[in-house]
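protein-v5.txt follows; it contains compact mmCIF, C-alpha atoms.
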```txt
# COMPACT_ATOMS: atom_id res chain seq x y z
CA MET A 1 -77.45 19.94 -24.40
CA ASP A 2 -79.46 17.94 -21.89
CA GLY A 3 -76.58 15.58 -21.17
CA ALA A 4 -75.21 13.96 -18.03
CA GLN A 5 -73.01 17.02 -17.42
CA ASP A 6 -76.09 19.08 -16.42
CA MET A 7 -76.01 17.89 -12.84
CA GLY A 8 -77.57 20.64 -10.73
CA GLY A 9 -80.19 19.11 -8.42
CA VAL A 10 -79.82 15.55 -9.72
CA LYS A 11 -80.26 12.98 -6.95
CA GLY A 12 -78.50 9.77 -6.15
CA PHE A 13 -74.83 10.61 -6.51
CA GLY A 14 -74.09 10.11 -2.82
CA PRO A 15 -72.02 12.16 -0.37
CA VAL A 16 -69.21 14.53 -1.21
CA GLU A 17 -65.96 12.73 -0.34
CA PRO A 18 -63.05 15.14 0.08
CA GLU A 19 -59.61 13.53 -0.10
CA PRO A 20 -57.21 14.81 2.59
CA ASP A 21 -53.94 16.28 1.21
CA GLU A 22 -54.91 15.32 -2.28
CA PRO A 23 -52.31 15.74 -5.03
CA VAL A 24 -52.98 18.05 -7.98
CA PHE A 25 -52.71 15.04 -10.32
CA HIS A 26 -53.36 11.43 -9.36
CA ALA A 27 -51.32 9.80 -12.14
CA GLU A 28 -48.68 10.70 -14.69
CA TRP A 29 -51.19 10.28 -17.52
CA GLU A 30 -53.47 12.91 -15.96
CA LYS A 31 -50.63 15.45 -16.12
CA ARG A 32 -49.96 14.66 -19.77
CA ALA A 33 -53.68 14.69 -20.70
CA PHE A 34 -54.04 18.09 -19.01
CA ALA A 35 -51.01 19.54 -20.79
CA LEU A 36 -51.92 18.08 -24.19
CA THR A 37 -55.40 19.63 -23.93
CA LEU A 38 -54.06 23.11 -23.16
CA ALA A 39 -51.26 22.88 -25.74
CA MET A 40 -53.51 21.65 -28.57
CA SER A 41 -55.96 24.55 -28.51
CA ARG A 42 -53.60 26.73 -30.59
CA PRO A 43 -52.83 24.18 -33.33
CA GLY A 44 -56.41 22.90 -33.10
CA GLY A 45 -57.97 26.32 -33.55
CA TRP A 46 -60.95 25.58 -31.31
CA ASN A 47 -62.35 27.78 -28.57
CA ILE A 48 -63.24 26.88 -24.97
CA ASP A 49 -66.94 26.57 -25.80
CA MET A 50 -66.16 24.00 -28.51
CA SER A 51 -63.98 22.22 -25.97
CA ARG A 52 -66.74 22.04 -23.39
CA PHE A 53 -69.25 20.78 -25.96
CA ALA A 54 -66.84 18.09 -27.13
CA ARG A 55 -66.54 16.83 -23.54
CA GLU A 56 -70.23 16.75 -22.77
CA ASN A 57 -71.38 15.55 -26.18
CA ARG A 58 -71.64 11.85 -25.39
CA SER A 59 -74.14 9.43 -23.86
CA HIS A 60 -75.02 9.61 -20.18
CA ALA A 61 -73.42 6.20 -19.64
CA ASP A 62 -70.20 7.27 -21.33
CA TYR A 63 -69.92 10.58 -19.43
CA LEU A 64 -70.72 9.09 -16.02
CA SER A 65 -68.35 6.15 -16.42
CA LYS A 66 -65.32 8.34 -17.12
CA SER A 67 -63.12 10.10 -14.61
CA TYR A 68 -62.54 13.83 -15.05
CA TYR A 69 -59.38 13.62 -17.13
CA GLN A 70 -60.73 10.68 -19.11
CA ILE A 71 -63.50 13.08 -20.20
CA TRP A 72 -60.84 15.64 -21.14
CA LEU A 73 -59.03 13.01 -23.19
CA ALA A 74 -62.23 11.94 -24.96
CA GLY A 75 -63.08 15.57 -25.73
CA LEU A 76 -59.59 16.25 -27.09
CA GLU A 77 -59.70 13.19 -29.35
CA LYS A 78 -63.11 14.23 -30.66
CA LEU A 79 -61.96 17.79 -31.43
CA MET A 80 -58.82 16.61 -33.21
CA VAL A 81 -60.58 13.97 -35.31
CA GLU A 82 -63.32 16.46 -36.29
CA ARG A 83 -60.65 18.81 -37.61
CA ARG A 84 -58.66 16.03 -39.28
CA LEU A 85 -55.57 16.74 -37.22
CA VAL A 86 -55.34 13.01 -36.56
CA SER A 87 -57.44 10.02 -37.60
CA PRO A 88 -59.07 7.46 -35.29
CA GLN A 89 -56.68 4.83 -36.70
CA GLU A 90 -53.67 6.97 -35.82
CA ILE A 91 -55.00 7.39 -32.26
CA GLU A 92 -55.52 3.62 -31.90
CA GLN A 93 -52.07 2.83 -33.27
CA GLY A 94 -50.26 5.70 -31.55
CA LYS A 95 -48.37 6.61 -34.67
CA SER A 96 -48.63 8.92 -37.65
CA LEU A 97 -49.99 7.26 -40.82
CA VAL A 98 -50.34 10.34 -43.02
CA PRO A 99 -48.50 13.67 -43.21
CA PRO A 100 -49.54 16.22 -40.59
CA LYS A 101 -52.12 18.89 -41.31
CA ARG A 102 -50.42 21.94 -42.76
CA ASP A 103 -50.28 25.51 -41.42
CA VAL A 104 -50.71 24.37 -37.84
CA SER A 105 -48.99 26.54 -35.23
CA THR A 106 -47.42 24.86 -32.22
CA LEU A 107 -47.24 26.25 -28.70
CA SER A 108 -43.56 26.54 -27.81
CA ALA A 109 -42.25 26.51 -24.25
CA ASP A 110 -41.27 30.19 -24.70
CA ASN A 111 -44.91 31.12 -25.28
CA VAL A 112 -46.47 29.20 -22.39
CA ARG A 113 -46.17 31.95 -19.79
CA ALA A 114 -47.62 34.61 -22.10
CA MET A 115 -50.45 32.32 -23.18
CA LEU A 116 -51.45 31.58 -19.59
CA HIS A 117 -51.15 35.23 -18.58
CA ARG A 118 -53.30 36.40 -21.49
CA GLY A 119 -56.00 33.81 -20.85
CA GLY A 120 -59.25 34.07 -22.74
CA PRO A 121 -61.21 37.11 -21.60
CA THR A 122 -64.74 37.03 -22.96
CA GLU A 123 -65.91 40.60 -22.43
CA ARG A 124 -66.63 42.50 -25.68
CA ASP A 125 -68.15 45.83 -26.67
CA PRO A 126 -71.95 45.65 -26.33
CA VAL A 127 -73.96 46.03 -29.53
CA ALA A 128 -77.08 47.36 -27.75
CA PRO A 129 -78.02 48.67 -24.30
CA ALA A 130 -78.73 46.10 -21.58
CA LEU A 131 -82.36 45.02 -21.51
CA TYR A 132 -82.38 44.39 -17.76
CA ALA A 133 -81.14 46.14 -14.65
CA ILE A 134 -80.31 45.11 -11.09
CA GLY A 135 -83.52 44.31 -9.24
CA ASP A 136 -85.53 43.27 -12.31
CA ARG A 137 -87.44 40.00 -12.09
CA VAL A 138 -86.85 37.65 -15.02
CA ARG A 139 -87.93 34.18 -16.06
CA MET A 140 -85.37 31.74 -17.45
CA LYS A 141 -86.47 30.44 -20.82
CA ASN A 142 -87.30 26.79 -21.27
CA ILE A 143 -84.85 26.07 -24.07
CA ASN A 144 -83.59 22.56 -24.74
CA PRO A 145 -81.00 22.80 -27.49
CA PRO A 146 -79.33 19.57 -28.65
CA THR A 147 -76.10 21.55 -28.80
CA HIS A 148 -74.09 23.48 -26.22
CA THR A 149 -75.77 25.86 -23.81
CA ARG A 150 -74.88 27.16 -20.36
CA LEU A 151 -78.48 27.41 -19.15
CA PRO A 152 -78.85 24.54 -16.67
CA ARG A 153 -82.10 22.56 -16.56
CA TYR A 154 -82.71 23.23 -12.87
CA VAL A 155 -83.40 26.96 -13.48
CA ARG A 156 -85.35 26.75 -16.73
CA ASP A 157 -88.85 28.30 -16.44
CA HIS A 158 -88.02 29.66 -12.97
CA VAL A 159 -88.26 33.30 -11.91
CA GLY A 160 -85.29 35.08 -10.37
CA THR A 161 -83.92 38.56 -9.75
CA ILE A 162 -81.09 40.31 -11.58
CA GLU A 163 -78.32 40.76 -9.04
CA LEU A 164 -75.35 41.81 -11.18
CA VAL A 165 -74.82 43.11 -14.72
CA HIS A 166 -71.47 42.05 -16.20
CA GLY A 167 -71.17 43.72 -19.56
CA ALA A 168 -71.37 41.90 -22.89
CA HIS A 169 -69.67 38.53 -23.14
CA VAL A 170 -69.03 35.95 -25.86
CA PHE A 171 -72.13 33.77 -26.25
CA PRO A 172 -71.22 30.08 -25.88
CA ASP A 173 -74.31 28.67 -27.61
CA THR A 174 -73.14 30.08 -30.96
CA ASN A 175 -69.40 30.25 -30.28
CA SER A 176 -69.30 26.49 -29.65
CA LEU A 177 -70.69 25.86 -33.13
CA GLY A 178 -68.30 28.20 -34.92
CA GLN A 179 -71.23 30.55 -35.57
CA GLY A 180 -69.56 33.60 -34.07
CA GLU A 181 -69.01 35.26 -30.71
CA ASN A 182 -72.29 37.21 -30.81
CA PRO A 183 -71.63 38.95 -27.48
CA GLN A 184 -74.69 39.47 -25.28
CA TRP A 185 -75.24 41.18 -21.97
CA LEU A 186 -74.43 38.76 -19.13
CA TYR A 187 -76.29 38.85 -15.82
CA THR A 188 -76.15 37.10 -12.46
CA VAL A 189 -79.71 35.93 -11.76
CA CYS A 190 -80.56 34.89 -8.21
CA PHE A 191 -83.30 32.40 -7.23
CA ALA A 192 -84.81 31.63 -3.84
CA GLY A 193 -84.32 27.98 -2.88
CA PRO A 194 -88.05 27.24 -2.64
CA GLU A 195 -88.58 28.65 -6.16
CA LEU A 196 -86.24 25.97 -7.48
CA TRP A 197 -86.82 23.05 -5.14
CA GLY A 198 -90.38 23.41 -3.84
CA ALA A 199 -92.28 25.09 -1.03
CA ASP A 200 -90.76 22.81 1.65
CA ALA A 201 -87.19 23.61 0.62
CA ASP A 202 -84.75 25.45 2.89
CA PRO A 203 -85.77 29.14 2.76
CA THR A 204 -82.27 30.32 3.80
CA VAL A 205 -80.82 29.08 0.48
CA LYS A 206 -80.40 31.28 -2.59
CA VAL A 207 -78.78 30.08 -5.82
CA SER A 208 -77.56 32.13 -8.77
CA VAL A 209 -76.46 31.38 -12.30
CA ASP A 210 -74.74 33.67 -14.78
CA ALA A 211 -77.05 34.01 -17.75
CA TRP A 212 -76.87 35.69 -21.15
CA GLU A 213 -79.70 37.99 -22.17
CA SER A 214 -81.24 35.56 -24.65
CA TYR A 215 -81.75 33.05 -21.81
CA LEU A 216 -84.12 35.51 -20.12
CA GLU A 217 -87.74 36.58 -20.52
CA THR A 218 -89.37 39.64 -19.01
CA VAL A 219 -91.84 38.79 -16.24
CA MET B 1 -60.94 -14.40 -7.29
CA SER B 2 -63.39 -12.49 -5.08
CA GLY B 3 -65.82 -9.95 -6.58
CA HIS B 4 -63.93 -7.06 -4.99
CA ASP B 5 -60.57 -8.17 -6.38
CA HIS B 6 -62.07 -8.54 -9.85
CA GLU B 7 -63.47 -4.98 -9.77
CA HIS B 8 -60.18 -3.59 -8.49
CA ASP B 9 -58.23 -5.40 -11.19
CA HIS B 10 -60.67 -4.18 -13.83
CA GLU B 11 -60.32 -0.57 -12.72
CA HIS B 12 -56.55 -0.94 -12.50
CA SER B 13 -56.28 -2.36 -16.02
CA GLU B 14 -58.65 0.32 -17.33
CA LEU B 15 -56.40 3.04 -15.93
CA SER B 16 -53.32 1.32 -17.36
CA GLU B 17 -55.15 1.36 -20.67
CA THR B 18 -55.71 5.10 -20.32
CA ASP B 19 -52.08 5.59 -19.40
CA LEU B 20 -50.98 3.77 -22.57
CA ARG B 21 -53.49 5.72 -24.64
CA VAL B 22 -52.23 9.08 -23.38
CA ARG B 23 -48.59 8.12 -23.91
CA ALA B 24 -49.39 6.98 -27.43
CA LEU B 25 -51.29 10.22 -28.08
CA GLU B 26 -48.40 12.36 -26.90
CA THR B 27 -46.02 10.41 -29.14
CA LEU B 28 -48.38 10.85 -32.08
CA LEU B 29 -48.94 14.59 -31.57
CA THR B 30 -45.22 15.20 -31.08
CA GLU B 31 -44.44 13.22 -34.25
CA LYS B 32 -46.98 15.36 -36.14
CA GLY B 33 -45.25 18.50 -34.86
CA TYR B 34 -48.44 19.75 -33.19
CA VAL B 35 -47.04 19.81 -29.63
CA ASP B 36 -43.66 20.60 -28.12
CA PRO B 37 -42.90 18.35 -25.11
CA ALA B 38 -41.01 21.18 -23.41
CA ALA B 39 -44.21 23.25 -23.50
CA LEU B 40 -46.14 20.32 -22.02
CA ASP B 41 -43.63 20.00 -19.18
CA LEU B 42 -43.89 23.71 -18.42
CA LEU B 43 -47.70 23.63 -18.37
CA ILE B 44 -47.60 20.76 -15.87
CA GLU B 45 -44.98 22.41 -13.69
CA THR B 46 -46.95 25.66 -13.61
CA TYR B 47 -50.09 24.09 -12.20
CA GLU B 48 -48.48 21.37 -10.13
CA LYS B 49 -45.92 23.56 -8.41
CA LYS B 50 -46.35 27.28 -9.06
CA VAL B 51 -50.05 28.24 -9.07
CA GLY B 52 -52.14 27.17 -6.10
CA PRO B 53 -54.37 28.22 -3.20
CA ARG B 54 -51.50 29.98 -1.46
CA ASN B 55 -52.12 32.77 -4.00
CA GLY B 56 -55.71 33.23 -2.87
CA ALA B 57 -54.68 32.98 0.78
CA ARG B 58 -52.39 36.00 0.28
CA VAL B 59 -55.23 37.94 -1.35
CA VAL B 60 -57.53 37.18 1.59
CA ALA B 61 -54.83 38.00 4.15
CA ARG B 62 -54.21 41.35 2.50
CA ALA B 63 -57.93 42.12 2.53
CA TRP B 64 -58.08 41.24 6.23
CA ASN B 65 -55.16 43.54 7.01
CA ASP B 66 -55.79 46.49 4.71
CA PRO B 67 -59.29 48.05 4.58
CA ASP B 68 -58.50 49.96 1.37
CA TYR B 69 -57.38 46.77 -0.36
CA ARG B 70 -60.50 45.01 0.92
CA LYS B 71 -62.65 47.69 -0.69
CA ARG B 72 -60.75 47.44 -3.99
CA LEU B 73 -61.11 43.65 -3.93
CA LEU B 74 -64.85 43.78 -3.33
CA ASP B 75 -65.38 46.55 -5.91
CA ASP B 76 -63.41 44.91 -8.73
CA ALA B 77 -61.50 41.79 -7.81
CA THR B 78 -59.63 41.14 -11.10
CA PRO B 79 -57.33 44.21 -10.94
CA ALA B 80 -57.03 43.96 -7.15
CA ILE B 81 -55.83 40.36 -7.47
CA ALA B 82 -53.50 41.42 -10.30
CA GLU B 83 -51.81 43.82 -7.84
CA LEU B 84 -50.30 40.64 -6.34
CA SER B 85 -49.35 39.49 -9.88
CA TYR B 86 -52.00 36.78 -10.02
CA ALA B 87 -53.85 36.88 -13.33
CA GLY B 88 -54.67 35.03 -16.50
CA ARG B 89 -56.33 31.85 -17.64
CA GLN B 90 -59.60 31.02 -15.90
CA GLY B 91 -59.37 34.19 -13.83
CA GLU B 92 -60.03 36.87 -16.42
CA HIS B 93 -63.20 38.05 -14.67
CA ILE B 94 -63.12 37.46 -10.90
CA ILE B 95 -65.62 38.50 -8.25
CA ALA B 96 -64.83 38.30 -4.51
CA LEU B 97 -67.76 37.21 -2.32
CA GLU B 98 -67.82 38.59 1.21
CA ASN B 99 -68.87 36.20 3.99
CA THR B 100 -70.65 37.99 6.86
CA PRO B 101 -72.18 36.82 10.14
CA THR B 102 -75.52 36.53 8.32
CA THR B 103 -74.46 35.29 4.85
CA HIS B 104 -72.23 32.37 3.84
CA ASN B 105 -71.14 32.03 0.20
CA MET B 106 -70.39 28.81 -1.67
CA VAL B 107 -69.16 28.36 -5.26
CA VAL B 108 -69.85 25.51 -7.68
CA CYS B 109 -69.86 24.73 -11.39
CA THR B 110 -72.74 22.31 -11.89
CA LEU B 111 -72.04 21.98 -15.64
CA CYS B 112 -68.33 21.16 -15.53
CA SER B 113 -65.57 22.41 -13.19
CA CYS B 114 -65.09 26.15 -13.66
CA TYR B 115 -62.78 27.44 -10.94
CA PRO B 116 -60.58 30.53 -10.42
CA TRP B 117 -57.21 29.03 -11.39
CA PRO B 118 -54.94 32.06 -10.78
CA VAL B 119 -55.90 32.23 -7.10
CA LEU B 120 -56.76 28.64 -6.25
CA GLY B 121 -54.85 26.52 -8.80
CA LEU B 122 -56.61 23.49 -10.29
CA PRO B 123 -59.80 22.27 -8.60
CA PRO B 124 -59.84 19.24 -6.29
CA VAL B 125 -61.50 16.03 -7.48
CA TRP B 126 -64.55 16.49 -5.21
CA TYR B 127 -65.29 19.90 -6.79
CA LYS B 128 -65.36 18.34 -10.27
CA SER B 129 -67.39 15.29 -9.28
CA ALA B 130 -71.09 14.48 -9.43
CA PRO B 131 -71.90 14.59 -5.68
CA TYR B 132 -70.78 18.21 -5.22
CA ARG B 133 -71.96 19.46 -8.60
CA SER B 134 -75.43 18.00 -8.07
CA ARG B 135 -75.95 18.73 -4.35
CA ALA B 136 -74.30 22.11 -3.77
CA VAL B 137 -77.23 23.95 -5.37
CA ALA B 138 -79.97 21.77 -3.85
CA ASP B 139 -78.69 20.78 -0.38
CA PRO B 140 -75.79 23.05 0.61
CA ARG B 141 -76.22 22.37 4.33
CA GLY B 142 -75.93 18.65 3.62
CA VAL B 143 -72.75 19.30 1.64
CA LEU B 144 -71.28 21.34 4.50
CA ARG B 145 -72.06 18.41 6.83
CA ASP B 146 -70.03 16.18 4.49
CA PHE B 147 -67.20 18.66 5.12
CA GLY B 148 -67.74 18.38 8.86
CA PHE B 149 -69.43 21.61 9.83
CA GLU B 150 -72.82 23.23 10.32
CA LEU B 151 -73.88 26.82 9.93
CA PRO B 152 -76.49 28.34 12.26
CA ALA B 153 -80.01 27.64 11.04
CA ASP B 154 -80.68 31.32 10.38
CA THR B 155 -77.52 32.01 8.33
CA ASP B 156 -78.36 32.69 4.70
CA ILE B 157 -76.50 30.44 2.28
CA ARG B 158 -75.76 31.87 -1.13
CA ILE B 159 -74.61 29.47 -3.86
CA TRP B 160 -73.00 30.82 -7.02
CA ASP B 161 -73.13 28.50 -10.06
CA SER B 162 -70.26 29.52 -12.39
CA THR B 163 -72.06 29.04 -15.70
CA ALA B 164 -70.13 31.76 -17.60
CA GLU B 165 -66.48 32.97 -17.45
CA ILE B 166 -67.07 34.96 -14.27
CA ARG B 167 -65.01 33.24 -11.53
CA TYR B 168 -65.72 33.51 -7.83
CA ILE B 169 -63.52 33.51 -4.73
CA VAL B 170 -64.98 33.60 -1.23
CA LEU B 171 -63.55 36.17 1.19
CA PRO B 172 -64.03 34.37 4.53
CA MET B 173 -64.44 36.23 7.81
CA ARG B 174 -61.24 36.94 9.73
CA PRO B 175 -60.89 34.61 12.74
CA GLU B 176 -60.91 36.09 16.24
CA GLY B 177 -57.62 36.45 18.11
CA THR B 178 -55.55 37.54 15.10
CA GLU B 179 -55.10 41.23 15.91
CA GLY B 180 -51.72 42.55 14.81
CA TRP B 181 -50.84 39.42 12.82
CA SER B 182 -48.64 39.79 9.73
CA GLU B 183 -50.12 39.02 6.31
CA GLU B 184 -47.90 35.95 6.00
CA LYS B 185 -49.16 34.54 9.30
CA LEU B 186 -52.78 35.38 8.41
CA ALA B 187 -52.39 33.62 5.04
CA ASP B 188 -51.52 30.40 6.92
CA LEU B 189 -55.06 30.38 8.33
CA VAL B 190 -56.78 30.66 4.95
CA THR B 191 -57.62 27.17 3.71
CA ARG B 192 -58.47 26.32 0.09
CA ASP B 193 -61.91 25.16 1.15
CA SER B 194 -62.64 28.43 2.94
CA MET B 195 -62.18 30.25 -0.40
CA ILE B 196 -64.67 27.92 -2.12
CA GLY B 197 -67.13 28.10 0.75
CA THR B 198 -66.96 24.47 1.89
CA GLY B 199 -64.80 25.30 4.88
CA LEU B 200 -63.86 28.02 7.34
CA PRO B 201 -60.42 29.51 7.98
CA LYS B 202 -58.32 27.92 10.73
CA ARG B 203 -58.60 29.50 14.15
CA PRO B 204 -55.42 30.49 16.02
CA GLY B 205 -54.43 27.91 18.60
CA LYS B 206 -57.43 25.70 17.86
CA ASP B 207 -56.87 24.23 14.38
CA SER B 208 -53.44 22.86 13.41
```

Translate this structure into structure tokens?
Amino acid sequence: MDGAQDMGGVKGFGPVEPEPDEPVFHAEWEKRAFALTLAMSRPGGWNIDMSRFARENRSHADYLSKSYYQIWLAGLEKLMVERRLVSPQEIEQGKSLVPPKRDVSTLSADNVRAMLHRGGPTERDPVAPALYAIGDRVRMKNINPPTHTRLPRYVRDHVGTIELVHGAHVFPDTNSLGQGENPQWLYTVCFAGPELWGADADPTVKVSVDAWESYLETV
Amino acid sequence: MSGHDHEHDHEHSELSETDLRVRALETLLTEKGYVDPAALDLLIETYEKKVGPRNGARVVARAWNDPDYRKRLLDDATPAIAELSYAGRQGEHIIALENTPTTHNMVVCTLCSCYPWPVLGLPPVWYKSAPYRSRAVADPRGVLRDFGFELPADTDIRIWDSTAEIRYIVLPMRPEGTEGWSEEKLADLVTRDSMIGTGLPKRPGKDS
């Protein structure tokens, strides 16, 4: 979606401000919000694409006013309420008002290591040969879905070159909506800086995105 | 009360609100039987104490020392990194990017915060924030200036936006004056930022 999260090339955010010796977490609540998010994906039954959409699916003002883990928290609450794991009233009151949802599996401490080690690989068997090869020139489509996509605005309608071919991977645009994994060939597409930012832009800069086949058009 | 104090108090009370909200949520989810607090503690400990950029530094140091390992890493980084027992969540598909005298690589996730957890741990706040996410792809030289260094005007800068589940780690160039160094000593030179592309490795005797 064309939300505040699509930040590539947006002006006015100021300088990057690295924090020397910064801690992994800046408050106890950040640690708990992080852990709750990871632990709830099994009982919640959502996938990472649904998770990302839940975070970004809010107004610009809301997204930009929240810190990183506040966005995680908001996304988690949204996912849980959507699936009726908890109600908004229960969240506000911090206590259970109705029996828990049934047939929900909990992540136990014994399973944490295996879960993290397994991760969530997205490569799948391809259903057709790749349409494009390394060296091909492609144009990024100008799609503007109201729902989740991983095609950033700053590359839409621009022409780039296929640099890498990664195999077929789960397609987030449908996976985030529960419409299936629909694996597509995934490519790294590389753009010259001036193609993206104008003729006066730094010619030594090249930018790539990783793009699924349906984001691309033959040039 | 001055304007500054009022803002500070507002932010402070907002964060206290978030703290209360998260505590209440954990109580609720534990009461429902959805989460096990021991699992939560272990998740936190893993990423606060166990998994971090020292992992990636060892990978880089091995590549500097061992030409065969370097080749394996550049050919297919995921299994090469797994040789050191680093693997899993947010590192299922890793590519190592070789810095050369003519090309400098930099990694970003403009859309959120995608980052190679098994080798670098959790990303720093600046990586997840609007200034880096917006400027890395448009003004990388300006971003590097914010980090305190410049690249020669004719060096190519290559930015990789992690829009899928492919994760990137930069293989920086080995500093001069490190001939014969052990892997452990070499790993000490490899900074977190040098593996993202917003910094360079430390130089022996010059950088503490």

Would you tabulate, counting all atoms listed in the file, all residues of region 94-133 of chain B that have an atom at most 12 Å from an atom of region 138-158 of chain A, showing the closest pair of atoms and their distance in Å to one decimal, sorted by chain then ascending number, as JSON lines?
```
{"residue": "B:Cys109", "atom": "CA", "partner": "A:Pro152", "partner_atom": "CA", "distance": 10.4}
{"residue": "B:Thr110", "atom": "CA", "partner": "A:Pro152", "partner_atom": "CA", "distance": 8.1}
{"residue": "B:Leu111", "atom": "CA", "partner": "A:Pro152", "partner_atom": "CA", "distance": 7.3}
{"residue": "B:Cys112", "atom": "CA", "partner": "A:Arg150", "partner_atom": "CA", "distance": 10.1}
{"residue": "B:Cys114", "atom": "CA", "partner": "A:Arg150", "partner_atom": "CA", "distance": 11.9}
{"residue": "B:Arg133", "atom": "CA", "partner": "A:Pro152", "partner_atom": "CA", "distance": 11.8}
```

Cut-off 7 Å: closest chain B/chain A atom pairs per residue, using only C-alpha atoms, as a tab-separated table:
```
residue	atom	partner	partner_atom	distance
B:Asp19	CA	A:Trp29	CA	5.1
B:Val22	CA	A:Trp29	CA	6.1
B:Ala24	CA	A:Gly94	CA	4.4
B:Leu25	CA	A:Gly94	CA	5.8
B:Thr27	CA	A:Gly94	CA	6.8
B:Leu28	CA	A:Lys95	CA	5.0
B:Glu31	CA	A:Ser96	CA	6.9
B:Lys32	CA	A:Pro100	CA	5.2
B:Tyr34	CA	A:Thr106	CA	5.3
B:Val35	CA	A:Thr106	CA	5.7
B:Asp36	CA	A:Ser108	CA	5.9
B:Ala38	CA	A:Ala109	CA	5.5
B:Ala39	CA	A:Ala109	CA	3.9
B:Leu40	CA	A:Ala35	CA	5.1
B:Leu42	CA	A:Ala109	CA	6.7
B:Leu43	CA	A:Ala35	CA	5.8
B:Ile44	CA	A:Ala35	CA	6.1
B:Glu48	CA	A:Val24	CA	6.0
B:Ala87	CA	A:His117	CA	6.1
B:Gly88	CA	A:His117	CA	4.1
B:Arg89	CA	A:Gly119	CA	3.8
B:Gln90	CA	A:Gly119	CA	6.7
B:Glu92	CA	A:Pro121	CA	5.3
B:Thr110	CA	A:Gly8	CA	5.2
B:Leu111	CA	A:Asp6	CA	5.0
B:Cys112	CA	A:Gln5	CA	6.5
B:Leu122	CA	A:Val24	CA	6.9
B:Trp126	CA	A:Pro18	CA	5.7
B:Ala130	CA	A:Phe13	CA	6.1
B:Pro131	CA	A:Phe13	CA	5.0
B:Tyr132	CA	A:Val16	CA	5.7
B:Arg133	CA	A:Met7	CA	6.1
B:Ser134	CA	A:Gly8	CA	4.3
B:Arg135	CA	A:Gly9	CA	5.9
B:Val137	CA	A:Gly8	CA	6.3
B:Ala138	CA	A:Gly9	CA	5.3
B:Val143	CA	A:Val16	CA	6.6
B:Asp146	CA	A:Val16	CA	6.0
B:Asp154	CA	A:Thr204	CA	6.8
B:Thr155	CA	A:Thr204	CA	6.8
B:Asp156	CA	A:Thr204	CA	4.7
B:Ile157	CA	A:Val205	CA	4.9
B:Arg158	CA	A:Lys206	CA	4.9
B:Ile159	CA	A:Val207	CA	4.6
B:Trp160	CA	A:Ser208	CA	5.1
B:Asp161	CA	A:Val209	CA	4.9
B:Ser162	CA	A:Val209	CA	6.5
B:Thr163	CA	A:Asp210	CA	5.4
B:Ala164	CA	A:Asp210	CA	5.7
```

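For the pair CA of Pro129 (chain A) and CA of Pro183 (chain A), the interatomic distance is 12.1 Å.
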
Rank nothing, just name the residue among A:Gly45, A:Ile71, A:Ile162, A:Ala54 nearest to Arg83 (chain A), using only C-alpha atoms.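 Answer, going by the shortest atom-to-atom distance: A:Gly45.
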
To one decimal place in Å, what is the distance between CA of Ala153 (chain B) and CA of Asn105 (chain B)?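 Between CA of Ala153 (chain B) and CA of Asn105 (chain B) the gap is 14.7 Å.
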
Enter the distance from CA of Leu97 (chain B) to CA of Tyr47 (chain B), in Å, rounded to one decimal.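 It comes out at 24.1 Å.
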
Would you compute, for all listed atoms of region 134-152 of chain B, the axis-aligned bounding box grown by 3 Å on each side, and then report its centre and edge lengths in Å rounded to one decimal, as lines of an AutoDock Vina configuration file?
```
center_x = -73.6
center_y = 22.3
center_z = 2.1
size_x = 18.8
size_y = 18.2
size_z = 26.3
```

Distance query Lys71 (chain B) at most 10 Å, all atoms listed in the file, self and fewer than 6 positions along chain excluded, as number ranges by chain: B: 63, 77, 80

Could you write out that same residue set with C-alpha atoms as a PDB file, in the frame of the given file?
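Below is the file result-v3.pdb, written as the result:
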```
ATOM      1  CA  ALA B  63     -57.930  42.120   2.530  1.00  0.00           C
ATOM      2  CA  ALA B  77     -61.500  41.790  -7.810  1.00  0.00           C
ATOM      3  CA  ALA B  80     -57.030  43.960  -7.150  1.00  0.00           C
TER       4      ALA B  80
END
```

Pull out region 33-51 of chain A, keep C-alpha atoms, and write it as a compact mmCIF listing (two decimals), in the first residue's frame.
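Wrote it out as result.txt, contents follow:
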```txt
# COMPACT_ATOMS: atom_id res chain seq x y z
CA ALA A 33 6.81 -6.35 22.79
CA PHE A 34 9.48 -8.01 20.65
CA ALA A 35 9.07 -11.38 22.36
CA LEU A 36 5.26 -11.27 22.37
CA THR A 37 5.28 -10.59 18.61
CA LEU A 38 7.53 -13.55 17.83
CA ALA A 39 5.75 -15.87 20.28
CA MET A 40 2.23 -15.02 19.04
CA SER A 41 2.78 -15.97 15.40
CA ARG A 42 2.21 -19.67 16.16
CA PRO A 43 -1.01 -19.29 18.18
CA GLY A 44 -2.07 -16.44 15.88
CA GLY A 45 -1.60 -18.44 12.70
CA TRP A 46 -0.51 -15.44 10.64
CA ASN A 47 2.45 -15.23 8.29
CA ILE A 48 5.18 -12.58 8.07
CA ASP A 49 3.48 -10.85 5.14
CA MET A 50 0.28 -10.45 7.17
CA SER A 51 2.43 -9.12 10.00
```
